[in-house]
Each structure stands twice: as C-alpha cells, then as structure tokens.
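Take a look at the structure below.
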Amino acid sequence: MPDQLPRLLVTAATGQLGRLVVESLLQTVPASHIVATARSAAAGAALAALGIEVRIADYDLPQTLQPAFTGIGRLLLISSSKLDGGRAAQHRNAINAAKSADVGQIVYTSLLHASTTPLGLAADHVETEAMLRDSGVPHVVLRNGWYTENTLASIPMALQYNALLGSAGDGRFSSAARADFAAAAAAVLTAPDDLSGRVYELAGDTSFTLTEFAAEITRQSGKAVIFKNLPKADFKGVLLGAGLPEPLAELLAGSDEGAAAGGLFDDSHQLSALIGRPTTPLAVSVAKALQGG
C-alpha cells in the first residue's frame, strides 16, 4: 500500500463488525495508517497492542468526536447498535463532527434496499443517508444485508427443541458472513479510485428460507429440526420469554416479517464483486457454528 494512502478511521472498532474491518484492513494496510475509536482506553487496548492508534469517541458525546476524527482521510461510520431510539441523532453527531474535522470521505453502513425495504428499522438509515447527502461531505453508502450470524444464533435452541421458530414464512435471506461485509468496507476504504457517491446493495450470493436453514442444520447435525412459522407477535413473545431485551426481540421478529415480504432478498452479487471472491456459503457458516466457532 503506497505511502500516500490517507489515514483510515474505523468507528466502533471494538464491536463485532468493527473488529473484523480492522482485521481485514491489516491484511493490506500498515497499522500506522489505521485509527480506531473506542469508548475507553481499556476497550481499545487490544487494538492498541497491534500498533493501531486508538482514539476515545462516543456517538452520544459530540465533544469527543471532532478531535477523534481530525486528520482522517476516509472514515468508516458504523451504524449505531442503539435500538431503543436516538440512533439518527448519534449519526448526526458523527457526520457533523466529520464535516468540522474536514474528513475526506465518510463510508456509512446502512441497510439493504434502505429506501424501499419493508423492514421498520430502515427509518434511521434513510434519515442518515439524507444527512450525508445534505452534509456536502463525500461519502459512500454500504447497504448491508442480513448477517448469517444473526440466524446462526438460533441453532442451539433449534437443536434442543427440534424446531426452528420464526415468522419469515417462505421469505428468502440473502445473507453473508459478517466477515464478508467487513471485507467490503475495507475494500472501499482502501480503493485506489474515489468511490464517493456510490451506493452498494450488499448481500450474499445465494439465499435460503428458514425451512432450508432448518434442513441444513438437520443435514449437518444429524438431529431432525423443522421450521415452525409463527405470527410476528407470537415469535416476539418467544424471544422475550427467552430473555432477549424488547428492542432486540422486536428487531429480530420485525426482520423476519420483513423477510417474508422480500425485504432481505437480493441477487445483484454486488458484495462478491466488491470483495473479489464468493460470499461465505450457508453450509460453511452452519458447520462453523456447530463446531463452536
């Protein structure tokens, strides 16, 4: 990677996606070119040990953002994981700070087909994309689809009760591994060309229904698992009964409902084109999950 590569900043770098983006960047970028933000020095200690500069920043504390973003050429704004309101305000804080710090480009992780999707969680992303357009800061939008890991989390309960519960009906999930989406973010951050203005619809190369997912669990585990489709309210109740917090239960049940309406299907193959390889097959992800990986 040439010396003229701009400094790259990954927000929320200690989170599930952020850590993987940093790992992907380190495959081609010197650690000295990478800056990571974390909410505390302790949280960022593992990244600092890799030679990465860690800056303290919190989306809820605007005074921490501009100093953290100073001197950055390309910034990955990973969407907030706050599900109980306030995400758009957090994103506004980050965008305003990036503009004030003269960041060269913002790369934002949005939602697949954000402007047309039936998924209720799209509203914050649509608002954030509008903020980016209004900001005047050059930007790229990565509309991330469904992470396969979201569905893999249901495997232990499915094996325990011989049933996979959901409310997606015959809706198809064009999912990919979180590492695939991280590789896409790294590819855009390090692109030799200016990709500003691009909107990428990112999804897995192949799709599956929850019936097919249950069949894959059965095939690999040897234990019969069937898919039972439930009304959204009933599925949300099951998730709440399992101890999930209300916002997360609503997100998962609502995403299933959106998938039933086609909201998580995409066959454009933009993700594999961007990362230069096929996305991770469902069978590989299931095998890893069954092995405890």
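How things are named: the first chain in the structure tokens is A, the next is B, and so on; residues count from 1 in each chain; ligands count from 1 in the order shown.
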Determine, using only C-alpha atoms, which residues of range 53-99 of chain A have any atom at most 12 Å from an atom of range 247-258 of chain A, and tabulate each with its shortest atom pair and distance in Å to one decimal place, rows ordered by chain and then rising number, as a Markdown table.
| residue | atom | partner | partner_atom | distance |
| --- | --- | --- | --- | --- |
| A:Ser81 | CA | A:Leu248 | CA | 10.1 |
| A:Lys82 | CA | A:Pro247 | CA | 9.0 |
| A:Leu83 | CA | A:Pro247 | CA | 5.7 |
| A:Asp84 | CA | A:Pro247 | CA | 6.0 |
| A:Gly85 | CA | A:Pro247 | CA | 9.4 |
All residues 12 Å or closer to Ala215 in chain A, only C-alpha atoms, same chain fewer than 2 positions away omitted, as a ChimeraX atom specification:
/A:155,158-159,162-164,208-213,217-227,282-283,286
Can you work out the spacing between CA of Gly73 in chain A and CA of Asn96 in chain A in Å, to one decimal?
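For CA of Gly73 in chain A relative to CA of Asn96 in chain A, the distance reads 15.4 Å.
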If we count only C-alpha atoms and set the cut-off at 8 Å, which residues sit around Arg74 in chain A, ignoring sequence neighbours fewer than 5 positions away in its own chain? Please answer as a ChimeraX atom specification.
/A:6-9,103-107,189
Val126 in chain A surroundings by only C-alpha atoms, 9 Å radius, close-in-sequence under 4 positions cut, as a list in words:
Ser110, Leu111, Ala114, Ser115, Ala122, Ala130 and Met131 of chain A
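Minimum atom-to-atom distances from A:Val199, A:Ile56, A:Val21, A:Leu244 to Arg133 in chain A were compared using only C-alpha atoms, and the lowest value belongs to A:Val199.
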